[in-house]
$ cat query19.cif   # mmCIF, C-alpha atoms
data_entry
loop_
_atom_site.label_atom_id
_atom_site.label_comp_id
_atom_site.auth_asym_id
_atom_site.auth_seq_id
_atom_site.Cartn_x
_atom_site.Cartn_y
_atom_site.Cartn_z
CA MET A 201 0.00 0.00 0.00
CA THR A 202 1.55 3.24 -1.13
CA PHE A 203 1.97 5.75 1.67
CA ILE A 204 2.12 9.42 0.72
CA ASN A 205 3.27 11.87 3.36
CA TYR A 206 2.74 15.51 2.47
CA ALA A 207 4.54 16.69 5.60
CA SER A 208 7.81 14.96 4.75
CA ARG A 209 7.12 15.05 0.97
CA GLU A 210 7.66 11.31 0.65
CA ILE A 211 6.10 8.49 -1.35
CA ASN A 212 6.74 5.04 0.13
CA CYS A 213 6.10 1.86 -1.83
CA LYS A 214 6.63 -1.83 -1.07
CA ILE A 215 8.14 -4.25 -3.58
CA VAL A 216 8.44 -7.97 -2.87
CA TYR A 217 10.87 -10.37 -4.58
CA TYR A 218 9.24 -13.80 -4.76
CA GLY A 219 10.44 -17.14 -6.13
CA PRO A 220 11.59 -20.67 -5.25
CA GLY A 221 14.37 -21.42 -2.79
CA LEU A 222 17.88 -20.45 -3.94
CA CYS A 223 16.62 -18.65 -7.06
CA GLY A 224 18.55 -15.46 -6.20
CA LYS A 225 16.07 -13.15 -4.45
CA THR A 226 18.50 -12.20 -1.70
CA THR A 227 21.30 -11.92 -4.29
CA ASN A 228 19.22 -9.31 -6.15
CA LEU A 229 18.88 -7.24 -2.99
CA GLN A 230 22.52 -7.73 -2.07
CA TYR A 231 23.62 -6.48 -5.50
CA ILE A 232 21.34 -3.45 -5.28
CA TYR A 233 22.67 -2.74 -1.80
CA ASP A 234 26.33 -3.07 -2.85
CA SER A 235 25.85 -0.88 -5.94
CA THR A 236 23.92 1.97 -4.36
CA ALA A 237 25.44 5.13 -2.89
CA PRO A 238 25.35 5.15 0.93
CA GLY A 239 23.06 8.17 1.05
CA ALA A 240 20.38 6.46 -1.03
CA LYS A 241 19.93 3.33 1.02
CA GLY A 242 19.27 2.18 4.54
CA LYS A 243 20.59 -0.98 6.15
CA LEU A 244 20.09 -4.34 4.50
CA ILE A 245 18.34 -6.42 7.12
CA SER A 246 18.52 -10.19 6.61
CA LEU A 247 16.58 -12.48 8.91
CA ALA A 248 18.39 -15.64 7.90
CA THR A 249 19.28 -19.05 9.28
CA GLU A 250 22.80 -19.95 10.36
CA THR A 251 23.34 -21.34 6.87
CA ASP A 252 22.32 -18.03 5.27
CA ARG A 253 18.95 -19.20 4.01
CA THR A 254 16.24 -16.56 4.36
CA LEU A 255 14.20 -17.37 7.46
CA PHE A 256 11.65 -14.56 7.42
CA PHE A 257 12.63 -11.76 5.03
CA ASP A 258 15.38 -9.48 3.76
CA PHE A 259 14.62 -5.79 3.74
CA MET A 260 16.25 -2.67 2.43
CA PRO A 261 14.90 0.84 1.93
CA LEU A 262 16.04 2.53 -1.27
CA ASP A 263 15.64 6.19 -2.20
CA LEU A 264 15.36 6.53 -5.93
CA GLY A 265 15.22 10.30 -6.11
CA THR A 266 12.55 12.96 -6.41
CA VAL A 267 9.43 13.00 -8.54
CA ARG A 268 7.40 16.20 -8.63
CA GLY A 269 8.95 17.31 -5.35
CA PHE A 270 8.29 14.02 -3.57
CA LYS A 271 11.11 11.75 -2.45
CA THR A 272 10.37 8.24 -3.76
CA ARG A 273 11.35 5.55 -1.32
CA PHE A 274 11.01 1.89 -2.20
CA HIS A 275 10.97 -0.74 0.53
CA LEU A 276 12.41 -3.90 -1.01
CA TYR A 277 11.55 -7.22 0.61
CA THR A 278 12.34 -10.83 -0.22
CA VAL A 279 10.37 -13.83 0.98
CA PRO A 280 11.85 -17.12 2.20
CA GLY A 281 11.74 -19.45 -0.80
CA GLN A 282 11.68 -22.80 0.93
CA VAL A 283 8.29 -24.49 0.64
CA PHE A 284 7.65 -24.87 4.37
CA TYR A 285 7.88 -21.13 5.08
CA ASP A 286 4.55 -20.47 3.38
CA ALA A 287 2.96 -18.71 6.36
CA SER A 288 5.80 -16.15 6.35
CA ARG A 289 5.49 -15.58 2.60
CA LYS A 290 1.82 -14.80 2.98
CA LEU A 291 2.52 -12.23 5.71
CA ILE A 292 5.21 -10.44 3.70
CA LEU A 293 2.84 -9.89 0.76
CA LYS A 294 0.56 -7.74 2.93
CA GLY A 295 0.44 -4.20 1.61
CA VAL A 296 2.55 -5.00 -1.44
CA ASP A 297 2.63 -2.49 -4.32
CA GLY A 298 4.68 -4.51 -6.81
CA VAL A 299 6.06 -8.04 -7.19
CA VAL A 300 9.15 -9.41 -8.91
CA PHE A 301 9.09 -13.14 -9.56
CA VAL A 302 12.67 -14.44 -9.71
CA ALA A 303 12.78 -17.71 -11.66
CA ASP A 304 15.73 -20.12 -11.54
CA SER A 305 16.67 -20.94 -15.15
CA GLN A 306 18.15 -24.37 -14.41
CA GLU A 307 16.25 -27.32 -15.90
CA GLU A 308 15.99 -29.13 -12.59
CA ARG A 309 14.33 -26.09 -10.96
CA MET A 310 11.51 -25.78 -13.49
CA ASP A 311 8.99 -27.57 -11.29
CA ALA A 312 10.01 -25.44 -8.32
CA ASN A 313 9.44 -22.28 -10.39
CA ILE A 314 5.95 -23.39 -11.38
CA GLU A 315 5.06 -24.41 -7.84
CA SER A 316 6.31 -21.10 -6.47
CA LEU A 317 4.36 -19.13 -9.08
CA TYR A 318 1.14 -20.94 -8.15
CA ASN A 319 1.95 -20.26 -4.53
CA LEU A 320 2.40 -16.55 -5.32
CA GLU A 321 -1.01 -16.41 -6.98
CA GLU A 322 -2.63 -18.15 -4.00
CA ASN A 323 -0.93 -15.95 -1.43
CA LEU A 324 -1.76 -12.78 -3.33
CA GLN A 325 -5.40 -13.87 -3.42
CA ALA A 326 -5.31 -14.59 0.30
CA ASN A 327 -4.28 -10.96 0.80
CA GLY A 328 -6.96 -9.64 -1.55
CA TYR A 329 -4.74 -9.06 -4.61
CA ASP A 330 -4.90 -10.40 -8.13
CA LEU A 331 -1.68 -11.25 -9.96
CA MET A 332 -3.32 -10.21 -13.21
CA LYS A 333 -3.82 -6.67 -11.92
CA ILE A 334 -0.88 -5.99 -9.62
CA PRO A 335 2.38 -4.42 -10.95
CA TYR A 336 4.42 -7.51 -11.74
CA VAL A 337 7.74 -8.32 -13.44
CA LEU A 338 9.35 -11.66 -14.29
CA GLN A 339 13.10 -12.12 -13.94
CA VAL A 340 14.73 -15.26 -15.37
CA ASN A 341 17.87 -15.55 -13.32
CA LYS A 342 21.09 -17.61 -13.46
CA ARG A 343 21.42 -17.32 -17.23
CA ASP A 344 25.17 -17.93 -16.90
CA LEU A 345 24.79 -21.56 -15.80
CA PRO A 346 25.33 -24.40 -18.31
CA ASN A 347 22.11 -26.36 -17.74
CA VAL A 348 19.55 -23.63 -18.37
CA VAL A 349 16.19 -23.91 -20.13
CA PRO A 350 16.12 -21.79 -23.33
CA VAL A 351 14.89 -18.36 -22.34
CA GLU A 352 11.89 -18.35 -24.70
CA ASP A 353 10.70 -21.72 -23.30
CA LEU A 354 11.10 -20.51 -19.73
CA ILE A 355 9.21 -17.29 -20.36
CA ALA A 356 6.47 -19.12 -22.28
CA GLU A 357 6.02 -21.45 -19.32
CA LEU A 358 6.05 -18.80 -16.59
CA ARG A 359 4.49 -15.74 -18.19
CA ARG A 360 1.06 -15.04 -16.71
CA LYS A 361 0.08 -11.88 -18.55
CA ASP A 362 1.95 -9.37 -20.67
CA GLU A 363 4.55 -8.77 -17.96
CA VAL A 364 8.06 -7.61 -18.78
CA ALA A 365 10.61 -10.42 -18.52
CA HIS A 366 14.29 -9.73 -17.85
CA GLU A 367 17.18 -12.15 -18.26
CA ALA A 368 19.52 -11.88 -15.32
CA VAL A 369 22.66 -13.06 -13.60
CA ALA A 370 22.00 -11.53 -10.20
CA SER A 371 25.39 -12.54 -8.79
CA THR A 372 27.14 -10.22 -11.28
CA GLY A 373 24.33 -7.69 -11.46
CA ILE A 374 23.17 -8.41 -15.01
CA GLY A 375 19.48 -7.54 -15.26
CA VAL A 376 19.13 -6.58 -11.58
CA PHE A 377 18.58 -2.86 -12.03
CA ASP A 378 16.57 -3.40 -15.23
CA THR A 379 14.18 -5.53 -13.20
CA LEU A 380 13.97 -3.00 -10.38
CA LYS A 381 13.42 -0.18 -12.84
CA SER A 382 10.59 -2.07 -14.57
CA VAL A 383 8.71 -2.82 -11.38
CA ALA A 384 9.27 0.67 -9.93
CA LYS A 385 7.94 2.17 -13.14
CA LEU A 386 4.81 0.00 -12.98
CA VAL A 387 4.22 0.95 -9.33
CA LEU A 388 4.54 4.67 -10.03
CA THR A 389 2.33 4.33 -13.10
CA GLU A 390 -0.28 2.64 -10.89
CA LEU A 391 0.01 5.52 -8.41
CA ARG A 392 -0.58 7.98 -11.24
CA LYS A 393 -3.74 6.10 -12.23
CA SER A 394 -5.10 5.84 -8.69
CA MET B 272 -5.00 -4.00 -8.21
CA THR B 273 -3.34 -2.55 -5.14
CA ASP B 274 -4.70 -0.87 -2.03
CA THR B 275 -5.83 2.74 -2.05
CA PRO B 276 -2.82 4.88 -1.08
CA ILE B 277 -2.79 6.33 2.40
CA ILE B 278 -2.31 10.08 2.19
CA MET B 279 -1.06 11.92 5.24
CA ARG B 280 -1.79 15.65 5.16
CA GLU B 281 0.45 18.15 6.92
CA GLN B 282 -2.11 19.09 9.57
CA GLN B 283 -2.92 15.47 10.45
CA TYR B 284 0.77 14.70 10.64
CA GLN B 285 1.32 17.54 13.12
CA ARG B 286 -1.58 16.33 15.28
CA ILE B 287 -0.14 12.82 15.34
CA LEU B 288 3.26 14.23 16.28
CA THR B 289 1.66 16.14 19.15
CA VAL B 290 0.02 13.00 20.55
CA LEU B 291 3.26 11.03 20.20
CA GLY B 292 5.22 13.84 21.87
CA LYS B 293 2.84 13.90 24.82
CA LEU B 294 2.95 10.13 25.12
CA ARG B 295 6.71 10.17 25.07
CA HIS B 296 6.81 12.83 27.79
CA ASP B 297 4.16 11.25 30.02
CA SER B 298 5.59 7.75 29.73
CA MET B 299 9.20 8.92 30.16
CA SER B 300 10.19 6.82 27.18
CA ARG B 301 13.09 7.30 24.75
CA VAL B 302 11.37 7.05 21.40
CA VAL B 303 7.78 6.66 20.27
CA PHE B 304 6.87 5.58 16.73
CA LEU B 305 3.71 5.16 14.78
CA VAL B 306 4.20 2.54 12.07
CA ASP B 307 1.74 1.04 9.66
CA LYS B 308 1.21 -2.72 9.76
CA ASN B 309 3.17 -3.07 6.52
CA GLY B 310 6.29 -1.63 8.11
CA GLN B 311 6.18 1.96 6.88
CA GLN B 312 7.10 4.56 9.44
CA ILE B 313 4.36 7.17 9.82
CA ALA B 314 5.73 9.45 12.54
CA VAL B 315 8.37 9.41 15.26
CA GLN B 316 9.15 11.45 18.38
CA GLY B 317 12.11 11.20 20.74
CA GLU B 318 15.84 10.63 21.06
CA ILE B 319 16.50 9.13 17.67
CA ASN B 320 20.28 9.81 17.54
CA ASN B 321 21.75 6.92 15.54
CA LEU B 322 18.69 4.71 15.81
CA ASP B 323 17.80 3.17 12.42
CA THR B 324 14.13 4.01 12.57
CA THR B 325 13.32 2.61 9.11
CA SER B 326 14.69 -0.82 9.95
CA LEU B 327 13.04 -0.77 13.36
CA ALA B 328 9.67 0.02 11.77
CA SER B 329 10.02 -2.84 9.31
CA LEU B 330 11.11 -5.31 11.97
CA ALA B 331 8.34 -4.25 14.36
CA ALA B 332 5.79 -4.92 11.60
CA GLY B 333 7.42 -8.29 10.87
CA ASN B 334 7.33 -9.10 14.56
CA VAL B 335 3.64 -8.26 14.86
CA ALA B 336 2.85 -10.15 11.65
CA ALA B 337 4.64 -13.26 12.90
CA THR B 338 3.02 -13.24 16.35
CA GLY B 339 -0.34 -12.47 14.71
CA GLY B 340 0.12 -15.58 12.58
CA MET B 341 0.83 -17.60 15.72
CA ALA B 342 -2.25 -16.13 17.41
CA GLN B 343 -4.46 -17.29 14.58
CA LEU B 344 -2.99 -20.78 14.72
CA ILE B 345 -4.14 -21.11 18.33
CA GLY B 346 -7.54 -19.57 17.67
CA GLU B 347 -6.87 -15.97 18.72
CA LYS B 348 -7.55 -13.00 16.43
CA GLU B 349 -4.24 -11.35 17.30
CA PHE B 350 -2.03 -10.47 20.25
CA PRO B 351 -2.84 -6.78 20.71
CA THR B 352 0.33 -5.93 22.64
CA LEU B 353 3.89 -7.24 22.57
CA SER B 354 6.69 -6.44 24.99
CA HIS B 355 10.38 -7.24 24.72
CA GLU B 356 12.46 -6.51 27.79
CA GLY B 357 16.21 -6.19 27.53
CA GLU B 358 18.90 -5.50 30.11
CA ARG B 359 18.82 -1.75 29.51
CA GLU B 360 16.42 -1.02 26.66
CA SER B 361 12.96 -2.42 26.11
CA ILE B 362 10.25 -2.20 23.47
CA HIS B 363 6.49 -2.20 23.86
CA ILE B 364 4.27 -2.55 20.77
CA CYS B 365 0.53 -1.96 20.72
CA ILE B 366 -1.70 -2.66 17.71
CA ILE B 367 -4.09 0.21 16.94
CA GLY B 368 -6.22 -0.73 13.94
CA ARG B 369 -3.93 -0.87 10.93
CA THR B 370 -1.10 0.89 12.75
CA LEU B 371 1.39 -0.08 15.43
CA LEU B 372 2.46 2.14 18.29
CA VAL B 373 6.06 1.29 19.16
CA VAL B 374 7.59 2.62 22.38
CA VAL B 375 11.31 2.27 23.16
CA PHE B 376 12.14 2.86 26.82
CA ASP B 377 14.89 2.33 29.37
CA ASP B 378 15.11 2.20 33.17
CA ARG B 379 13.85 5.78 33.48
CA SER B 380 10.40 4.26 32.92
CA SER B 381 8.62 0.96 33.58
CA LEU B 382 6.44 -1.40 31.58
CA GLY B 383 3.45 -0.61 33.81
CA LEU B 384 3.69 3.12 33.18
CA ILE B 385 4.24 2.58 29.46
CA LYS B 386 1.15 0.36 29.19
CA LEU B 387 -0.98 2.87 31.07
CA ARG B 388 0.09 5.85 28.93
CA VAL B 389 -0.11 3.85 25.68
CA LYS B 390 -3.68 2.89 26.48
CA GLN B 391 -4.60 6.55 26.96
CA ALA B 392 -2.88 7.70 23.76
CA SER B 393 -4.10 4.83 21.59
CA ARG B 394 -7.73 6.02 21.61
CA GLU B 395 -6.69 9.40 20.28
CA LEU B 396 -4.35 7.89 17.70
CA ALA B 397 -7.03 5.46 16.51
CA GLN B 398 -9.38 8.36 15.93
CA LEU B 399 -6.71 10.42 14.18
CA PHE B 400 -5.68 7.60 11.88
CA ALA B 401 -9.29 6.83 11.03
CA GLU B 402 -9.52 10.45 9.90
CA VAL B 403 -6.36 10.00 7.82
CA GLU B 404 -7.86 6.94 6.11
CA GLU B 405 -11.16 8.70 5.51
CA GLU B 406 -9.42 11.77 4.08
CA SER B 407 -7.25 9.55 1.85
CA LYS B 408 -10.40 8.54 -0.02
CA LYS B 409 -11.22 12.16 -0.84
CA PRO B 410 -8.69 13.41 -3.37
CA ARG B 411 -7.77 17.08 -3.22
CA GLU B 412 -6.51 19.37 -5.92
CA GLU B 413 -2.95 19.05 -4.59
CA ASP B 414 -3.08 15.30 -5.38
CA ASP B 415 -3.15 16.13 -9.10
CA VAL B 416 0.62 16.24 -8.82
CA PHE B 417 0.61 12.41 -8.97
CA ALA B 418 -1.67 12.24 -11.98
CA GLY B 419 0.82 14.52 -13.68
CA ILE B 420 3.78 12.17 -13.26
CA THR B 421 5.18 11.47 -16.72
CA ASP B 422 7.19 8.57 -18.09
CA GLU B 423 10.12 10.99 -18.31
CA ASP B 424 9.81 11.77 -14.57
CA ILE B 425 9.98 8.05 -13.81
CA ASP B 426 12.86 7.43 -16.20
CA SER B 427 14.80 10.29 -14.65
CA LEU B 428 14.87 8.42 -11.33
CA PHE B 429 17.15 5.85 -12.88
CA ASN B 430 19.52 8.14 -14.73
#
$ encode --input "query19.cif" --output "structure tokens"
Amino acid sequence: MTFINYASREINCKIVYYGPGLCGKTTNLQYIYDSTAPGAKGKLISLATETDRTLFFDFMPLDLGTVRGFKTRFHLYTVPGQVFYDASRKLILKGVDGVVFVADSQEERMDANIESLYNLEENLQANGYDLMKIPYVLQVNKRDLPNVVPVEDLIAELRRKDEVAHEAVASTGIGVFDTLKSVAKLVLTELRKS
Amino acid sequence: MTDTPIIMREQQYQRILTVLGKLRHDSMSRVVFLVDKNGQQIAVQGEINNLDTTSLASLAAGNVAATGGMAQLIGEKEFPTLSHEGERESIHICIIGRTLLVVVFDDRSSLGLIKLRVKQASRELAQLFAEVEEESKKPREEDDVFAGITDEDIDSLFN
């Protein structure tokens, strides 16, 4: 839910990175964090297990700059990808303004992608949202690995509407900011409409 | 389809700050926050110094969401208050509608006093935030600034 504060001249929006376990959601945030000037970001909070798997969420606030005199601040969240953390995923989608689905391009993760995408649709519905209407971007990650599904097959399988799809290698930053830009643009366009 | 934006007007913001300031004074606490349930900070009063208020707001909302999930699993609607007591600093969180009142305090105060003052302030805050929500549904001329956002404005954010 976008929060507009006239007193502080701020627009705050919430973006959630969703996807199966180990698809690179946290890596996206980590790359954004590492590549952003200190003044434009807050702390990157990771609630993770001892083995660095996301336990609840990662969070970082990011200031993108000023639009029409309002500072635009995006709150970026990831969800835990492992199947059994479903209750947490549902909670994190509350109040979401835009979603990035990070797909793992490896052949053996195709089923996990599809299962996670269904799970996203269900959890959005549980929070009163519709994937077909919410600002939504698809990122096909790990394109540098040898055993990847051809990109057109992957997109054909995972595309739900006319969403933008970005190829990415989040560990080196390829496609990370393109993805963020696409979803931020959709969120601000939605704000303009509403 | 997303939620209707919440729009905080200057005057409402100042009234909320006044209530938070009084609460902070009366409860002898360090910092008082109003946060929405999604983790966005609405207003803050107190000794912020180096405190990362944005992260604290997000974590408080995550905390409430997680304990709320547990409450529902055991047949409760929610746990309306949460308290975390540390050696020197403590946190008390109270759910007020779709917002959270977060109070950070140390040994200059006590949990009993905090709970008492929070209870008094929460009625006023509930009423104020209901007004904010109601007003958010009535667009004003000044809101046209958002309708006027162009693709170029958005693109410029990334240049």
$ resolve_selection --input "query19.cif" --expression "the PyMOL selection byres ((chain A) within 9 of (chain B))" --output "ChimeraX atom specification"
/A:201-208,212-214,242-245,256-257,259-261,264-268,272,275,287-288,291-298,328-335,377,381,384-385,388-394
$ atom_distance --input "query19.cif" --atom1 "atom CA of Ser246 of chain A" --atom2 "atom CA of Gln306 of chain A"
25.4 Å
$ closest_residue --input "query19.cif" --among "B:Gln343, B:Ile364, B:Lys348, B:Glu318" --to "Ala331 of chain B" --atoms "all atoms listed in the file"
B:Ile364
$ residues_near_point --input "query19.cif" --point "(14.6, 4.0, 27.6)" --cutoff "6 Å" --atoms "only C-alpha atoms" --output "count of residues only"
7
$ atom_distance --input "query19.cif" --atom1 "atom CA of His355 of chain B" --atom2 "atom CA of Val306 of chain B"
17.1 Å
$ residues_around --input "query19.cif" --residues "Val376 of chain A" --least-positions-apart "2" --cutoff "10 Å" --atoms "all atoms listed in the file" --output "number ranges by chain"
A: 227-229, 231-232, 339, 341, 366-374, 378-381
$ write_last_selection --input "query19.cif" --atoms "C-alpha atoms" --output "PDB file, keeping the file's coordinate frame"
ATOM      1  CA  THR A 227      21.300 -11.920  -4.290  1.00  0.00           C
ATOM      2  CA  ASN A 228      19.220  -9.310  -6.150  1.00  0.00           C
ATOM      3  CA  LEU A 229      18.880  -7.240  -2.990  1.00  0.00           C
ATOM      4  CA  TYR A 231      23.620  -6.480  -5.500  1.00  0.00           C
ATOM      5  CA  ILE A 232      21.340  -3.450  -5.280  1.00  0.00           C
ATOM      6  CA  GLN A 339      13.100 -12.120 -13.940  1.00  0.00           C
ATOM      7  CA  ASN A 341      17.870 -15.550 -13.320  1.00  0.00           C
ATOM      8  CA  HIS A 366      14.290  -9.730 -17.850  1.00  0.00           C
ATOM      9  CA  GLU A 367      17.180 -12.150 -18.260  1.00  0.00           C
ATOM     10  CA  ALA A 368      19.520 -11.880 -15.320  1.00  0.00           C
ATOM     11  CA  VAL A 369      22.660 -13.060 -13.600  1.00  0.00           C
ATOM     12  CA  ALA A 370      22.000 -11.530 -10.200  1.00  0.00           C
ATOM     13  CA  SER A 371      25.390 -12.540  -8.790  1.00  0.00           C
ATOM     14  CA  THR A 372      27.140 -10.220 -11.280  1.00  0.00           C
ATOM     15  CA  GLY A 373      24.330  -7.690 -11.460  1.00  0.00           C
ATOM     16  CA  ILE A 374      23.170  -8.410 -15.010  1.00  0.00           C
ATOM     17  CA  ASP A 378      16.570  -3.400 -15.230  1.00  0.00           C
ATOM     18  CA  THR A 379      14.180  -5.530 -13.200  1.00  0.00           C
ATOM     19  CA  LEU A 380      13.970  -3.000 -10.380  1.00  0.00           C
ATOM     20  CA  LYS A 381      13.420  -0.180 -12.840  1.00  0.00           C
TER      21      LYS A 381
END
$ closest_residue --input "query19.cif" --among "B:Gly357, B:Gly383, B:Gly368, B:Pro351" --to "Glu404 of chain B" --atoms "only C-alpha atoms"
B:Gly368
$ residues_around --input "query19.cif" --residues "Ile314 of chain A" --least-positions-apart "2" --cutoff "10 Å" --atoms "all atoms listed in the file" --output "list of chain:residue names"
A:Gly219, A:Pro220, A:Ala303, A:Arg309, A:Met310, A:Asp311, A:Ala312, A:Ser316, A:Leu317, A:Tyr318, A:Asn319, A:Leu320, A:Glu357, A:Leu358
$ closest_residue --input "query19.cif" --among "A:Thr278, A:Asp263, A:Ile211, A:Tyr336" --to "Gln230 of chain A" --atoms "all atoms listed in the file"
A:Thr278
$ build_atoms --input "query19.cif" --residues "segment 322-342 of chain A" --atoms "N, CA and C atoms" --output "compact mmCIF listing (two decimals), in the frame of the given file"
# COMPACT_ATOMS: atom_id res chain seq x y z
N GLU A 322 -1.77 -17.80 -5.15
CA GLU A 322 -2.63 -18.15 -4.00
C GLU A 322 -2.45 -17.15 -2.86
N ASN A 323 -1.20 -16.84 -2.56
CA ASN A 323 -0.93 -15.95 -1.43
C ASN A 323 -1.34 -14.51 -1.71
N LEU A 324 -1.25 -14.10 -2.97
CA LEU A 324 -1.76 -12.78 -3.33
C LEU A 324 -3.28 -12.75 -3.12
N GLN A 325 -3.93 -13.80 -3.59
CA GLN A 325 -5.40 -13.87 -3.42
C GLN A 325 -5.78 -13.83 -1.95
N ALA A 326 -5.02 -14.55 -1.14
CA ALA A 326 -5.31 -14.59 0.30
C ALA A 326 -5.21 -13.20 0.92
N ASN A 327 -4.42 -12.32 0.30
CA ASN A 327 -4.28 -10.96 0.80
C ASN A 327 -5.18 -9.97 0.05
N GLY A 328 -6.02 -10.50 -0.84
CA GLY A 328 -6.96 -9.64 -1.55
C GLY A 328 -6.42 -9.04 -2.85
N TYR A 329 -5.31 -9.58 -3.36
CA TYR A 329 -4.74 -9.06 -4.61
C TYR A 329 -4.93 -10.06 -5.74
N ASP A 330 -4.78 -9.55 -6.95
CA ASP A 330 -4.90 -10.40 -8.13
C ASP A 330 -3.62 -10.22 -8.96
N LEU A 331 -2.93 -11.32 -9.20
CA LEU A 331 -1.68 -11.25 -9.96
C LEU A 331 -1.88 -10.57 -11.31
N MET A 332 -3.06 -10.77 -11.88
CA MET A 332 -3.32 -10.21 -13.21
C MET A 332 -3.43 -8.68 -13.18
N LYS A 333 -3.62 -8.12 -11.99
CA LYS A 333 -3.82 -6.67 -11.92
C LYS A 333 -2.69 -5.94 -11.19
N ILE A 334 -1.92 -6.65 -10.42
CA ILE A 334 -0.88 -5.99 -9.62
C ILE A 334 0.36 -5.73 -10.49
N PRO A 335 1.10 -4.62 -10.24
CA PRO A 335 2.38 -4.42 -10.95
C PRO A 335 3.30 -5.63 -10.73
N TYR A 336 3.74 -6.21 -11.84
CA TYR A 336 4.42 -7.51 -11.74
C TYR A 336 5.45 -7.67 -12.85
N VAL A 337 6.65 -8.14 -12.48
CA VAL A 337 7.74 -8.32 -13.44
C VAL A 337 8.34 -9.71 -13.23
N LEU A 338 8.71 -10.34 -14.34
CA LEU A 338 9.35 -11.66 -14.29
C LEU A 338 10.84 -11.49 -14.54
N GLN A 339 11.65 -12.11 -13.71
CA GLN A 339 13.10 -12.12 -13.94
C GLN A 339 13.55 -13.58 -14.09
N VAL A 340 14.19 -13.89 -15.21
CA VAL A 340 14.73 -15.26 -15.37
C VAL A 340 16.22 -15.20 -15.05
N ASN A 341 16.55 -15.74 -13.91
CA ASN A 341 17.87 -15.55 -13.32
C ASN A 341 18.79 -16.75 -13.63
N LYS A 342 20.04 -16.58 -13.32
CA LYS A 342 21.09 -17.61 -13.46
C LYS A 342 21.31 -18.00 -14.92
